[in-house]
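Asker: Supplied in structure tokens, the structure appears directly below.
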Amino acid sequence: LPRRVIDVSKAYPKVILTQGESEPYACLSYCWGGQQNLVTTRANVNEHACGIKAELPRSIQDAITVTRRLGFKYLWVDSLCIVQDDEGDREGQIELMGEIFANAYVTISAATAKSCQDGFLNERSHQSGSRPPPVDVACLLPDGREDTIQLHQRGSASIREPIHERSWALQEDLLSPRLLFFGETEVSWSCTCESSQPSGMRRVLFPWNKTAIRQAWLRSFWEDVITEYSCRKLTRPSDKLPALAGLASKFSEISNMQPSDYVAGFWRPWLKRHLVWRVSVPG
């Protein structure tokens, strides 16, 4: 477990200090969208350890609901599990960010929420103009109750969600062994071996092991990473390199690169090629 996690097993979730236990936990990947109304600070860290009775941002409330429904006891959320006004705690946890997401059983991605106040367990809207509207079909549940399911036409167009504008979310996405993605029009599941999405879109997380990767793919993969990363935004400009550090560390392990080969987002063996870049103009 990370240093702190949220115990969601009781009515009032509480932020607890762990003792190195080995337990499954979920992580939340989401957009802050500005300052949050409730974070863990030095002034309230002891209070949060006893139970958070104040109203949490909606995205965190929804993440707690999903964590409970999945049957997990622990959830990691940066705003509550890092003491925000303690620079020592913040810097130490930022260094471990990649490891925290890589070791999580599943990452819950609040992809459709522009702000932590928006939530993501909302009724999904149909993406207008891209597909025919869904069809409602009556069904009978195993317990005898009547309900309705929706049938959607399979599609292939990828939707860029608010989470795709957030720099930190790139490594959270790529390092997570399993990703439960709450998008604008659908909920999807991805892991290192398979993907299940109502739209029919195929998305498999990167297999972080040496045997599954041809070395010839690595340079192209990293170029795609830094291209995508460069399009994203940070609340704190000083996080530009730390938000990529966990991904770089993992990449070093499977590429036979030395940590000393990593230079501010680039790799020495490919440095000449990486410095020859151009601005991509949309359209």
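We name chains A, B, ... following the order of the structure tokens; residues begin at 1 in each chain, and ligands are numbered from 1 as shown.
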Find the residues near Trp32 (chain A): any atom within 9 Å, counting only C-alpha atoms, skip ones fewer than 6 places away on the same chain, and give them as a PDB file with C-alpha atoms, in the first residue's frame.
Answerer:
```pdb
ATOM      1  CA  SER A  79      -5.572  15.524  -2.794  1.00  0.00           C
ATOM      2  CA  LYS A 114     -13.513  18.739 -16.308  1.00  0.00           C
ATOM      3  CA  SER A 115     -13.352  19.492 -12.589  1.00  0.00           C
ATOM      4  CA  CYS A 116     -13.299  17.489  -9.378  1.00  0.00           C
ATOM      5  CA  GLN A 117     -16.713  19.024  -8.663  1.00  0.00           C
ATOM      6  CA  THR A 235      -1.467  23.304 -12.878  1.00  0.00           C
TER       7      THR A 235
END
```
Asker: Would you please extract all strand (DSSP E or B) residues from region 26-243 of chain A, as assigned by DSSP on the backbone, and give them as a PyMOL selection string?
Answerer: chain A and resi 26-29+74-76+106-109+135-140+146-151+166+178-182+187-191+195-196+233
Asker: Kindly save the residues from that selection, with N, CA and C atoms included, as a tab-separated table (two decimals), in the first residue's frame.
Answerer:
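This went into out_26.tsv:
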```tsv
chain	number	residue	atom	x	y	z
A	26	ALA	N	-7.42	0.78	-5.11
A	26	ALA	CA	-7.74	1.48	-6.35
A	26	ALA	C	-7.13	2.88	-6.31
A	27	CYS	N	-6.84	3.43	-7.47
A	27	CYS	CA	-6.37	4.81	-7.58
A	27	CYS	C	-7.38	5.62	-8.38
A	28	LEU	N	-7.43	6.90	-8.12
A	28	LEU	CA	-8.29	7.79	-8.91
A	28	LEU	C	-7.41	8.70	-9.77
A	29	SER	N	-7.69	8.70	-11.07
A	29	SER	CA	-7.05	9.63	-12.01
A	29	SER	C	-8.15	10.61	-12.44
A	74	TYR	N	-9.66	0.02	0.00
A	74	TYR	CA	-8.77	1.18	-0.02
A	74	TYR	C	-8.77	1.90	-1.37
A	75	LEU	N	-8.67	3.21	-1.29
A	75	LEU	CA	-8.62	4.08	-2.46
A	75	LEU	C	-7.52	5.11	-2.25
A	76	TRP	N	-6.75	5.39	-3.30
A	76	TRP	CA	-5.73	6.43	-3.24
A	76	TRP	C	-6.15	7.61	-4.11
A	106	VAL	N	-6.42	-1.42	-9.71
A	106	VAL	CA	-7.14	-0.79	-10.82
A	106	VAL	C	-7.09	0.72	-10.64
A	107	THR	N	-7.07	1.44	-11.74
A	107	THR	CA	-7.17	2.89	-11.73
A	107	THR	C	-8.53	3.29	-12.28
A	108	ILE	N	-9.22	4.13	-11.53
A	108	ILE	CA	-10.52	4.66	-11.94
A	108	ILE	C	-10.26	6.01	-12.62
A	109	SER	N	-10.56	6.10	-13.89
A	109	SER	CA	-10.31	7.34	-14.63
A	109	SER	C	-11.60	8.13	-14.78
A	135	VAL	N	-30.88	2.38	-28.81
A	135	VAL	CA	-32.21	1.77	-28.78
A	135	VAL	C	-32.43	1.13	-27.41
A	136	ASP	N	-33.55	1.46	-26.77
A	136	ASP	CA	-33.89	0.87	-25.48
A	136	ASP	C	-34.61	-0.46	-25.69
A	137	VAL	N	-34.14	-1.48	-24.98
A	137	VAL	CA	-34.74	-2.81	-25.09
A	137	VAL	C	-35.12	-3.29	-23.69
A	138	ALA	N	-36.38	-3.68	-23.52
A	138	ALA	CA	-36.84	-4.17	-22.23
A	138	ALA	C	-36.20	-5.53	-21.93
A	139	CYS	N	-35.88	-5.76	-20.65
A	139	CYS	CA	-35.29	-7.03	-20.26
A	139	CYS	C	-35.79	-7.43	-18.88
A	140	LEU	N	-35.66	-8.72	-18.57
A	140	LEU	CA	-36.08	-9.25	-17.28
A	140	LEU	C	-34.83	-9.66	-16.51
A	146	GLU	N	-38.20	-6.00	-13.90
A	146	GLU	CA	-38.09	-5.54	-15.28
A	146	GLU	C	-37.15	-4.34	-15.34
A	147	ASP	N	-36.38	-4.26	-16.39
A	147	ASP	CA	-35.44	-3.15	-16.56
A	147	ASP	C	-35.24	-2.90	-18.04
A	148	THR	N	-34.31	-2.01	-18.36
A	148	THR	CA	-34.04	-1.65	-19.75
A	148	THR	C	-32.54	-1.63	-20.00
A	149	ILE	N	-32.13	-2.15	-21.14
A	149	ILE	CA	-30.75	-2.01	-21.57
A	149	ILE	C	-30.71	-1.19	-22.85
A	150	GLN	N	-29.59	-0.54	-23.09
A	150	GLN	CA	-29.44	0.27	-24.29
A	150	GLN	C	-28.49	-0.39	-25.27
A	151	LEU	N	-28.88	-0.43	-26.51
A	151	LEU	CA	-28.03	-0.96	-27.58
A	151	LEU	C	-27.47	0.21	-28.38
A	166	ARG	N	-4.72	16.61	-19.25
A	166	ARG	CA	-3.96	16.67	-18.00
A	166	ARG	C	-2.66	15.87	-18.12
A	178	ARG	N	-4.54	-1.95	-14.82
A	178	ARG	CA	-5.94	-2.05	-15.24
A	178	ARG	C	-6.54	-0.65	-15.16
A	179	LEU	N	-7.37	-0.30	-16.14
A	179	LEU	CA	-7.95	1.04	-16.21
A	179	LEU	C	-9.45	0.94	-16.46
A	180	LEU	N	-10.22	1.53	-15.54
A	180	LEU	CA	-11.67	1.62	-15.69
A	180	LEU	C	-11.96	3.07	-16.07
A	181	PHE	N	-12.36	3.26	-17.31
A	181	PHE	CA	-12.38	4.58	-17.94
A	181	PHE	C	-13.83	5.06	-18.10
A	182	PHE	N	-14.19	6.14	-17.38
A	182	PHE	CA	-15.54	6.69	-17.45
A	182	PHE	C	-15.55	7.87	-18.41
A	187	VAL	N	-18.46	3.62	-20.77
A	187	VAL	CA	-17.50	3.17	-19.77
A	187	VAL	C	-16.69	2.03	-20.40
A	188	SER	N	-15.37	2.08	-20.28
A	188	SER	CA	-14.54	1.05	-20.90
A	188	SER	C	-13.55	0.49	-19.89
A	189	TRP	N	-13.08	-0.71	-20.20
A	189	TRP	CA	-12.11	-1.42	-19.36
A	189	TRP	C	-10.91	-1.77	-20.22
A	190	SER	N	-9.71	-1.52	-19.69
A	190	SER	CA	-8.48	-1.88	-20.40
A	190	SER	C	-7.49	-2.46	-19.41
A	191	CYS	N	-6.69	-3.41	-19.89
A	191	CYS	CA	-5.60	-3.93	-19.09
A	191	CYS	C	-4.48	-4.32	-20.04
A	195	SER	N	-9.14	-5.53	-23.83
A	195	SER	CA	-9.90	-4.30	-23.69
A	195	SER	C	-11.35	-4.60	-24.00
A	196	SER	N	-12.25	-3.97	-23.24
A	196	SER	CA	-13.68	-4.17	-23.47
A	196	SER	C	-14.36	-2.81	-23.48
A	233	LYS	N	-1.63	19.82	-20.21
A	233	LYS	CA	-1.48	20.99	-19.35
A	233	LYS	C	-1.16	20.59	-17.92
```
Asker: Could you tell me which of A:Leu1, A:Gly51, A:Asn46, A:Glu223 comes closest to Leu271 (chain A) if we count only C-alpha atoms?
Answerer: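 Going through A:Leu1, A:Gly51, A:Asn46, A:Glu223 one by one, the smallest distance to Leu271 (chain A) is for A:Glu223.
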Asker: For Pro13 (chain A), work out the shell of residues within 9 Å, counting only C-alpha atoms and skipping chain neighbours fewer than 6 positions away, then give it as a PyMOL selection string.
Answerer: chain A and resi 6-7+48-53+64
Asker: From the options A:Arg42, A:Val5, A:Gly246, A:Tyr229, which residue's atoms come nearest to Asp89 (chain A), counting only C-alpha atoms?
Answerer: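 Comparing A:Arg42, A:Val5, A:Gly246, A:Tyr229 against Asp89 (chain A), the winner is A:Arg42.
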Asker: Please measure the separation of CA of Arg232 (chain A) and CA of His164 (chain A), giving the value in Å to one decimal.
Answerer: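 So the answer is 7.1 Å.
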Asker: Would you mind listing what lies within 12 Å of Ala264 (chain A) as number ranges by chain, with only C-alpha atoms counted and same-chain residues fewer than 6 positions away left out?
Answerer: A: 226, 240-245, 248, 271, 274-275
Asker: If you keep N, CA, C and O atoms, can you produce a file of those selected residues as a short mmCIF file (atom, residue, chain, number, x, y, z; two decimals), in the first residue's frame?
Answerer:
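again12.cif was written with the following content:
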```cif
data_model
loop_
_atom_site.label_atom_id
_atom_site.label_comp_id
_atom_site.auth_asym_id
_atom_site.auth_seq_id
_atom_site.Cartn_x
_atom_site.Cartn_y
_atom_site.Cartn_z
N ILE A 226 6.09 11.49 -25.77
CA ILE A 226 6.45 12.90 -25.58
C ILE A 226 5.63 13.83 -26.47
O ILE A 226 5.38 14.99 -26.13
N LYS A 240 6.45 19.65 -14.60
CA LYS A 240 6.59 19.18 -15.98
C LYS A 240 7.44 17.91 -16.09
O LYS A 240 7.05 16.96 -16.77
N LEU A 241 8.59 17.88 -15.42
CA LEU A 241 9.44 16.68 -15.47
C LEU A 241 8.99 15.62 -14.46
O LEU A 241 8.96 14.43 -14.79
N PRO A 242 8.62 15.98 -13.23
CA PRO A 242 8.14 14.96 -12.29
C PRO A 242 6.93 14.18 -12.80
O PRO A 242 6.80 12.99 -12.51
N ALA A 243 6.06 14.82 -13.57
CA ALA A 243 4.85 14.14 -14.05
C ALA A 243 5.15 13.10 -15.12
O ALA A 243 4.28 12.31 -15.50
N LEU A 244 6.39 13.09 -15.60
CA LEU A 244 6.81 12.11 -16.60
C LEU A 244 7.83 11.11 -16.03
O LEU A 244 8.16 10.11 -16.65
N ALA A 245 8.30 11.39 -14.82
CA ALA A 245 9.42 10.63 -14.24
C ALA A 245 9.09 9.16 -14.01
O ALA A 245 9.93 8.28 -14.25
N ALA A 248 9.24 7.39 -17.29
CA ALA A 248 10.63 7.26 -17.75
C ALA A 248 11.35 6.15 -16.99
O ALA A 248 12.13 5.39 -17.58
N LEU A 271 19.02 11.22 -28.93
CA LEU A 271 18.92 12.66 -28.67
C LEU A 271 18.92 13.48 -29.96
O LEU A 271 18.13 14.43 -30.09
N HIS A 274 15.53 13.24 -31.50
CA HIS A 274 14.49 13.88 -30.69
C HIS A 274 14.57 15.40 -30.72
O HIS A 274 13.57 16.08 -30.49
N LEU A 275 15.73 15.94 -30.96
CA LEU A 275 15.88 17.40 -31.02
C LEU A 275 15.42 17.97 -32.36
O LEU A 275 15.28 19.18 -32.51
#
```
Asker: Quick one: residues within 10 Å of Asp85 (chain A), only C-alpha atoms, excluding same-chain residues fewer than 3 positions away - as a list in words?
Answerer: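 Using only C-alpha atoms, the neighbours found are Val39, Thr40, Thr41, Arg42, Ala43, Ile82, Gly88, Asp89 and Arg90 of chain A.
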Asker: Give the answer as one residue: which of A:Asn122, A:Gln258, A:Gln84, A:Ser167 has the shortest atom-to-atom distance to Arg58 (chain A), using only C-alpha atoms?
Answerer: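 When distances to Arg58 (chain A) are compared using only C-alpha atoms, the smallest one comes from A:Asn122.
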Asker: Within region 75-147 of chain A, find each residue whose DSSP state, derived from the backbone, is helix (DSSP H, G or I), and express the selection as a PyMOL selection string.
Answerer: chain A and resi 78-81+87-95+97-103
Asker: What is the distance between CA of Pro177 (chain A) and CA of Tyr262 (chain A), in Å to one decimal?
Answerer: 23.7 Å
Asker: Can you work out the spacing between CA of Ser260 (chain A) and CA of Arg219 (chain A) in Å, to one decimal?
Answerer: 16.9 Å
Asker: Of the residues A:Gly34, A:Gly144, A:Gly119, A:Gly92, which is the one nearest to Leu56 (chain A), using only C-alpha atoms?
Answerer: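 Smallest distance to Leu56 (chain A) is found for A:Gly119.
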